[in-house]
Amino acid sequence: MFINFEGVDGCGKTSVINAITIYLKNQGYNLEVTREPGGTSISEQIRQILLNPNNTDMLPLTEAYLYASARAQHVYKKILPALKNNKIVITDRYIHSSLAYQGVVKKLGIDFVYDLNLNAIDGGLVFPDITFILDVPIEVALERIAADPNRKADRFDQESIEFHKQVREAFKEVQRRFDFGTHWQCILIDASRSLEDVVKEILDILLPRLKCDKLTNSILSK
Ligand code: TYD
């Protein structure tokens with residue numbers, strides 16, 4: 001199973017992913033937890049360029065291609081091998097971020113960015129079984145960012161409140177367009193609630209699917 005978490009900066013993705021990871025590991029599930037941009041040595045180097053606060057004049061097109069090339073490396077070198085080894089892959093951001101940030105907010109167009117990723121990954125574009133988009137009002141996200149002592153400022157922190165509001169709306173649009181039911185499911189989660197409530201809702205959705213997967217795998221291996 002392939003799962004990704006998405007949302008505006010400060011939506012609480014990291015805390016939610018940590019809590020879900022601990023819970024699933026304790027239940028004996030075999031996980032690969034990763035992130036974008038990043039996840040492999042080369043993709044992490046591309047991340048440095050993308051998030052460098054000095055790179056203020058980067059073109060949206062340059063951004064889109066860099067995210068896609070970091071993703072290609074990530075898909076072939078980490079995500080696909082882990083899925084082949086029957087691991088559950090959890091990634092902090094994936095293609096939905098490109099569709100929202102570069103496609104909608106930076107105005108390259110959702111279809112253009114989708115095709116660009118498809119070409120970059122050359123047929124290997126795996127779509128997540130479930131995508132969780134953590135939705136919070138920007139005021140709440142900013143309070144969470146301000147309260148996090150470990151957070152380093154990056155290029156995206158220099159953006160205006162208006163930019164982040166547009167990102168929130170963009171994710172909603174992406175959710176509406178990329179929810180394909182039980183395959184490629186994309187779910188909007190109200191992440192303005194407590195961490196416990198958010199994690200509970202996500203586990204209530206995930207656990208029945210994971211148990212079903214486990215059963216199918218054990219039947220297939222007999
Ligand atoms: P992230 O690692 O989530 O940063 P943080 O932990 O500080 O929230 O993501 C870095 C930034 O990159 C984030 O602002 C979103 C942006 N991004 C895109 O614009 N497009 C993409 O395809 C991805 C993966 C991220």
# chains A, B, ... in the order shown; residues from 1 in each chain; ligands from 1

$ residues_around --residues "Trp184 of chain A" --least-positions-apart "4" --cutoff "7 Å" --atoms "only C-alpha atoms" --output "PyMOL selection string"
chain A and resi 127-130+179-180

$ residues_near_ligand --ligand "ligand 1" --cutoff "8 Å" --atoms "only C-alpha atoms and all ligand atoms" --output "MDAnalysis selection string"
chainID A and resid 6 8:11 13:14 35:37 50:51 63:64 67:68 71 92:102 151:157

$ write_last_selection --atoms "N, CA, C and O atoms" --output "compact mmCIF listing (two decimals), in the first residue's frame"
# COMPACT_ATOMS: atom_id res chain seq x y z
N GLU A 6 -0.52 15.25 2.56
CA GLU A 6 -0.36 16.53 1.88
C GLU A 6 -1.01 17.63 2.70
O GLU A 6 -1.81 17.36 3.59
N VAL A 8 -1.02 22.32 3.48
CA VAL A 8 -0.25 23.57 3.54
C VAL A 8 0.86 23.42 4.58
O VAL A 8 0.78 22.55 5.45
N ASP A 9 1.88 24.28 4.47
CA ASP A 9 2.93 24.26 5.49
C ASP A 9 2.29 24.53 6.85
O ASP A 9 1.46 25.43 6.97
N GLY A 10 2.69 23.74 7.85
CA GLY A 10 2.14 23.95 9.19
C GLY A 10 0.83 23.23 9.45
O GLY A 10 0.21 23.41 10.49
N CYS A 11 0.42 22.35 8.52
CA CYS A 11 -0.86 21.66 8.71
C CYS A 11 -0.75 20.53 9.74
O CYS A 11 -1.76 20.01 10.20
N LYS A 13 1.42 17.74 9.23
CA LYS A 13 1.76 16.47 8.56
C LYS A 13 2.78 15.66 9.34
O LYS A 13 2.62 14.47 9.53
N THR A 14 3.84 16.34 9.78
CA THR A 14 4.94 15.62 10.42
C THR A 14 4.47 14.91 11.69
O THR A 14 4.76 13.73 11.90
N ARG A 35 9.98 11.18 2.32
CA ARG A 35 9.43 12.53 2.11
C ARG A 35 9.84 13.10 0.75
O ARG A 35 10.79 12.64 0.13
N GLU A 36 9.09 14.12 0.34
CA GLU A 36 9.44 14.87 -0.88
C GLU A 36 9.44 16.36 -0.59
O GLU A 36 8.62 16.79 0.23
N PRO A 37 10.23 17.18 -1.25
CA PRO A 37 11.30 16.69 -2.10
C PRO A 37 12.37 16.04 -1.24
O PRO A 37 12.70 16.56 -0.17
N LEU A 50 15.87 23.72 -4.12
CA LEU A 50 14.48 24.19 -4.13
C LEU A 50 14.14 25.04 -2.91
O LEU A 50 13.40 26.02 -3.01
N LEU A 51 14.66 24.66 -1.75
CA LEU A 51 14.25 25.35 -0.52
C LEU A 51 15.24 26.41 -0.06
O LEU A 51 15.03 27.04 0.97
N GLU A 63 11.06 25.21 -11.05
CA GLU A 63 10.59 24.53 -9.84
C GLU A 63 9.90 23.21 -10.18
O GLU A 63 10.21 22.17 -9.62
N ALA A 64 8.97 23.29 -11.13
CA ALA A 64 8.16 22.11 -11.48
C ALA A 64 9.06 20.98 -11.98
O ALA A 64 8.88 19.82 -11.59
N TYR A 67 11.16 19.53 -8.98
CA TYR A 67 10.35 18.62 -8.13
C TYR A 67 10.13 17.29 -8.85
O TYR A 67 10.20 16.23 -8.24
N ALA A 68 9.86 17.38 -10.16
CA ALA A 68 9.58 16.15 -10.91
C ALA A 68 10.83 15.28 -11.01
O ALA A 68 10.74 14.05 -10.92
N ARG A 71 11.42 13.62 -7.81
CA ARG A 71 10.38 12.56 -7.66
C ARG A 71 10.75 11.32 -8.47
O ARG A 71 10.56 10.19 -8.00
N ASP A 92 5.67 11.89 2.99
CA ASP A 92 5.30 13.25 3.37
C ASP A 92 5.42 14.08 2.08
O ASP A 92 6.52 14.42 1.69
N ARG A 93 4.33 14.28 1.39
CA ARG A 93 4.19 14.96 0.09
C ARG A 93 4.55 14.05 -1.08
O ARG A 93 5.42 13.19 -0.98
N TYR A 94 3.85 14.29 -2.19
CA TYR A 94 4.08 13.57 -3.46
C TYR A 94 3.52 14.45 -4.57
O TYR A 94 3.48 15.68 -4.42
N ILE A 95 3.02 13.85 -5.64
CA ILE A 95 2.63 14.64 -6.83
C ILE A 95 1.53 15.68 -6.53
O ILE A 95 1.48 16.74 -7.15
N HIS A 96 0.67 15.41 -5.53
CA HIS A 96 -0.41 16.37 -5.22
C HIS A 96 0.15 17.74 -4.85
O HIS A 96 -0.48 18.76 -5.11
N SER A 97 1.35 17.76 -4.21
CA SER A 97 1.96 19.06 -3.89
C SER A 97 2.32 19.81 -5.15
O SER A 97 2.11 21.02 -5.25
N SER A 98 2.87 19.09 -6.14
CA SER A 98 3.21 19.77 -7.40
C SER A 98 1.95 20.29 -8.10
O SER A 98 1.94 21.38 -8.66
N LEU A 99 0.88 19.48 -8.06
CA LEU A 99 -0.36 19.90 -8.72
C LEU A 99 -0.91 21.16 -8.06
O LEU A 99 -1.37 22.08 -8.74
N ALA A 100 -0.84 21.20 -6.71
CA ALA A 100 -1.39 22.36 -5.98
C ALA A 100 -0.47 23.59 -6.09
O ALA A 100 -0.92 24.66 -6.50
N TYR A 101 0.82 23.41 -5.73
CA TYR A 101 1.73 24.58 -5.68
C TYR A 101 2.09 25.06 -7.09
O TYR A 101 1.89 26.23 -7.42
N GLN A 102 2.64 24.15 -7.91
CA GLN A 102 3.10 24.60 -9.24
C GLN A 102 1.93 24.66 -10.23
O GLN A 102 1.86 25.58 -11.04
N ARG A 151 11.80 24.36 13.78
CA ARG A 151 11.59 24.65 12.37
C ARG A 151 12.55 25.71 11.85
O ARG A 151 12.71 26.77 12.43
N LYS A 152 13.22 25.37 10.72
CA LYS A 152 14.13 26.33 10.09
C LYS A 152 13.38 27.07 8.99
O LYS A 152 12.60 26.45 8.27
N ALA A 153 13.65 28.36 8.84
CA ALA A 153 12.94 29.12 7.79
C ALA A 153 13.44 28.66 6.42
O ALA A 153 14.63 28.44 6.23
N ASP A 154 12.54 28.45 5.46
CA ASP A 154 12.96 28.13 4.10
C ASP A 154 12.28 29.09 3.13
O ASP A 154 11.58 30.01 3.53
N ARG A 155 12.53 28.86 1.85
CA ARG A 155 12.04 29.78 0.82
C ARG A 155 10.52 29.96 0.89
O ARG A 155 10.00 31.03 0.64
N PHE A 156 9.82 28.90 1.26
CA PHE A 156 8.37 28.96 1.28
C PHE A 156 7.83 29.78 2.44
O PHE A 156 6.71 30.25 2.41
N ASP A 157 8.67 29.94 3.50
CA ASP A 157 8.23 30.77 4.63
C ASP A 157 8.21 32.25 4.26
O ASP A 157 7.66 33.07 4.96

$ atom_distance --atom1 "atom CA of Val174 of chain A" --atom2 "atom CA of Pro60 of chain A"
18.1 Å

$ closest_residue --among "A:Phe112, A:Val105, A:Asn30, A:Lys211" --to "Phe163 of chain A" --atoms "only C-alpha atoms"
A:Val105

$ select_by_dssp --residues "segment 143-198 of chain A" --states "strand (DSSP E)" --output "JSON, numbers by chain"
{"A": [185, 186, 187, 188, 189, 190]}

$ write_last_selection --atoms "C-alpha atoms" --output "PDB file, in the first residue's frame"
ATOM      1  CA  GLN A 185      -8.623   7.629  -3.003  1.00  0.00           C
ATOM      2  CA  CYS A 186      -7.984  11.252  -2.016  1.00  0.00           C
ATOM      3  CA  ILE A 187      -9.496  12.371   1.279  1.00  0.00           C
ATOM      4  CA  LEU A 188      -9.711  15.836   2.822  1.00  0.00           C
ATOM      5  CA  ILE A 189      -9.177  15.661   6.591  1.00  0.00           C
ATOM      6  CA  ASP A 190     -10.128  18.458   8.986  1.00  0.00           C
TER       7      ASP A 190
END

$ residues_around --residues "Ile161 of chain A" --least-positions-apart "6" --cutoff "10 Å" --atoms "only C-alpha atoms" --output "list in words"
Ile138, Glu139, Leu142 and Val167 of chain A

$ write_last_selection --atoms "C-alpha atoms" --output "compact mmCIF listing (two decimals), in the first residue's frame"
# COMPACT_ATOMS: atom_id res chain seq x y z
CA ILE A 138 -3.94 29.37 7.41
CA GLU A 139 -4.15 31.25 10.75
CA LEU A 142 0.87 29.88 11.07
CA VAL A 167 -2.38 26.79 -1.57

$ residues_around --residues "Gly7 of chain A" --least-positions-apart "5" --cutoff "7 Å" --atoms "only C-alpha atoms" --output "list in words"
Ile133, Leu134, Asp135 and Phe171 of chain A

$ closest_residue --among "A:Gln158, A:Tyr114, A:Gln45, A:Ile88" --to "Leu206 of chain A" --atoms "only C-alpha atoms"
A:Ile88

$ atom_distance --atom1 "atom CA of Arg177 of chain A" --atom2 "atom CA of Val126 of chain A"
17.0 Å

$ select_by_dssp --residues "segment 9-221 of chain A" --states "alpha helix (DSSP H)" --output "ChimeraX atom specification"
/A:13-26,41-51,60-74,80-84,95-97,110-121,138-146,161-177,195-220

$ write_last_selection --atoms "C-alpha atoms" --output "mmCIF file, in the first residue's frame"
data_model
loop_
_atom_site.group_PDB
_atom_site.id
_atom_site.type_symbol
_atom_site.label_atom_id
_atom_site.label_comp_id
_atom_site.auth_asym_id
_atom_site.auth_seq_id
_atom_site.Cartn_x
_atom_site.Cartn_y
_atom_site.Cartn_z
ATOM 1 C CA LYS A 13 1.756 16.470 8.563
ATOM 2 C CA THR A 14 4.944 15.615 10.423
ATOM 3 C CA SER A 15 3.213 15.008 13.785
ATOM 4 C CA VAL A 16 0.438 12.982 12.148
ATOM 5 C CA ILE A 17 2.910 10.860 10.149
ATOM 6 C CA ASN A 18 5.007 10.218 13.288
ATOM 7 C CA ALA A 19 1.969 9.098 15.280
ATOM 8 C CA ILE A 20 0.640 6.837 12.490
ATOM 9 C CA THR A 21 4.112 5.351 11.938
ATOM 10 C CA ILE A 22 4.559 4.491 15.614
ATOM 11 C CA TYR A 23 1.096 2.932 15.768
ATOM 12 C CA LEU A 24 1.513 0.811 12.626
ATOM 13 C CA LYS A 25 5.045 -0.317 13.559
ATOM 14 C CA ASN A 26 3.734 -1.440 16.949
ATOM 15 C CA SER A 41 20.588 11.248 -1.682
ATOM 16 C CA ILE A 42 20.194 12.902 -5.119
ATOM 17 C CA SER A 43 16.637 14.064 -4.373
ATOM 18 C CA GLU A 44 17.805 15.576 -1.071
ATOM 19 C CA GLN A 45 20.440 17.544 -3.010
ATOM 20 C CA ILE A 46 17.698 18.848 -5.327
ATOM 21 C CA ARG A 47 15.707 19.759 -2.182
ATOM 22 C CA GLN A 48 18.583 22.004 -1.059
ATOM 23 C CA ILE A 49 18.282 24.011 -4.294
ATOM 24 C CA LEU A 50 14.475 24.188 -4.127
ATOM 25 C CA LEU A 51 14.247 25.347 -0.519
ATOM 26 C CA PRO A 60 7.750 28.188 -11.669
ATOM 27 C CA LEU A 61 8.802 26.017 -14.618
ATOM 28 C CA THR A 62 12.258 25.412 -13.122
ATOM 29 C CA GLU A 63 10.590 24.534 -9.836
ATOM 30 C CA ALA A 64 8.162 22.107 -11.482
ATOM 31 C CA TYR A 65 10.953 20.270 -13.348
ATOM 32 C CA LEU A 66 13.173 20.082 -10.264
ATOM 33 C CA TYR A 67 10.351 18.624 -8.135
ATOM 34 C CA ALA A 68 9.583 16.147 -10.908
ATOM 35 C CA SER A 69 13.216 15.049 -11.303
ATOM 36 C CA ALA A 70 13.608 14.625 -7.537
ATOM 37 C CA ARG A 71 10.382 12.565 -7.658
ATOM 38 C CA ALA A 72 11.629 10.360 -10.538
ATOM 39 C CA GLN A 73 14.712 9.437 -8.519
ATOM 40 C CA HIS A 74 12.551 8.857 -5.433
ATOM 41 C CA LEU A 80 8.947 1.071 -6.148
ATOM 42 C CA PRO A 81 11.614 -1.164 -4.525
ATOM 43 C CA ALA A 82 9.859 -0.817 -1.143
ATOM 44 C CA LEU A 83 6.448 -1.642 -2.645
ATOM 45 C CA LYS A 84 7.987 -4.687 -4.371
ATOM 46 C CA ILE A 95 2.625 14.644 -6.825
ATOM 47 C CA HIS A 96 -0.407 16.368 -5.220
ATOM 48 C CA SER A 97 1.959 19.058 -3.889
ATOM 49 C CA ILE A 110 -2.884 21.041 -13.236
ATOM 50 C CA ASP A 111 -2.899 19.137 -16.546
ATOM 51 C CA PHE A 112 0.484 20.512 -17.585
ATOM 52 C CA VAL A 113 2.106 19.568 -14.251
ATOM 53 C CA TYR A 114 0.446 16.153 -14.258
ATOM 54 C CA ASP A 115 1.782 15.398 -17.764
ATOM 55 C CA LEU A 116 5.212 16.752 -16.882
ATOM 56 C CA ASN A 117 5.387 14.312 -13.955
ATOM 57 C CA LEU A 118 4.117 11.471 -16.088
ATOM 58 C CA ASN A 119 6.887 12.131 -18.617
ATOM 59 C CA ALA A 120 9.571 12.647 -15.951
ATOM 60 C CA ILE A 121 8.763 9.344 -14.358
ATOM 61 C CA ILE A 138 -3.937 29.375 7.413
ATOM 62 C CA GLU A 139 -4.153 31.247 10.745
ATOM 63 C CA VAL A 140 -3.979 27.886 12.571
ATOM 64 C CA ALA A 141 -1.093 26.702 10.368
ATOM 65 C CA LEU A 142 0.871 29.884 11.070
ATOM 66 C CA GLU A 143 0.330 29.522 14.836
ATOM 67 C CA ARG A 144 1.654 25.954 14.644
ATOM 68 C CA ILE A 145 4.718 27.058 12.662
ATOM 69 C CA ALA A 146 5.423 29.853 15.181
ATOM 70 C CA ILE A 161 -0.472 34.756 3.888
ATOM 71 C CA GLU A 162 -2.377 35.207 0.627
ATOM 72 C CA PHE A 163 -0.054 32.672 -1.068
ATOM 73 C CA HIS A 164 -0.709 30.074 1.655
ATOM 74 C CA LYS A 165 -4.474 30.717 1.436
ATOM 75 C CA GLN A 166 -4.281 30.014 -2.286
ATOM 76 C CA VAL A 167 -2.379 26.786 -1.570
ATOM 77 C CA ARG A 168 -5.156 25.668 0.799
ATOM 78 C CA GLU A 169 -7.799 26.247 -1.885
ATOM 79 C CA ALA A 170 -5.560 24.591 -4.502
ATOM 80 C CA PHE A 171 -5.354 21.402 -2.436
ATOM 81 C CA LYS A 172 -9.159 21.347 -2.231
ATOM 82 C CA GLU A 173 -9.333 21.581 -6.016
ATOM 83 C CA VAL A 174 -6.753 18.796 -6.386
ATOM 84 C CA GLN A 175 -8.752 16.653 -3.940
ATOM 85 C CA ARG A 176 -11.917 17.096 -5.984
ATOM 86 C CA ARG A 177 -10.144 16.168 -9.230
ATOM 87 C CA LEU A 195 -3.690 15.493 16.945
ATOM 88 C CA GLU A 196 -5.488 12.553 18.649
ATOM 89 C CA ASP A 197 -8.740 13.212 16.751
ATOM 90 C CA VAL A 198 -6.979 13.573 13.402
ATOM 91 C CA VAL A 199 -4.889 10.421 13.890
ATOM 92 C CA LYS A 200 -7.970 8.458 14.993
ATOM 93 C CA GLU A 201 -9.929 9.450 11.890
ATOM 94 C CA ILE A 202 -7.029 8.465 9.617
ATOM 95 C CA LEU A 203 -6.504 5.099 11.362
ATOM 96 C CA ASP A 204 -10.246 4.362 11.149
ATOM 97 C CA ILE A 205 -9.932 4.731 7.363
ATOM 98 C CA LEU A 206 -6.562 2.967 7.000
ATOM 99 C CA LEU A 207 -6.817 -0.051 9.281
ATOM 100 C CA PRO A 208 -9.672 -1.865 7.504
ATOM 101 C CA ARG A 209 -7.835 -1.360 4.184
ATOM 102 C CA LEU A 210 -4.536 -2.654 5.604
ATOM 103 C CA LYS A 211 -6.169 -5.721 7.176
ATOM 104 C CA CYS A 212 -7.846 -6.492 3.866
ATOM 105 C CA ASP A 213 -4.470 -6.173 2.091
ATOM 106 C CA LYS A 214 -2.794 -8.478 4.625
ATOM 107 C CA LEU A 215 -5.500 -11.103 4.088
ATOM 108 C CA THR A 216 -5.225 -10.892 0.289
ATOM 109 C CA ASN A 217 -1.411 -11.215 0.470
ATOM 110 C CA SER A 218 -1.616 -14.267 2.713
ATOM 111 C CA ILE A 219 -4.189 -15.929 0.412
ATOM 112 C CA LEU A 220 -2.052 -15.129 -2.681
#

$ closest_residue --among "A:His183, A:Ile79, A:Lys106, A:Met1" --to "Tyr29 of chain A" --atoms "only C-alpha atoms"
A:Met1

$ atom_distance --atom1 "atom CA of Gly39 of chain A" --atom2 "atom CA of Val89 of chain A"
11.6 Å
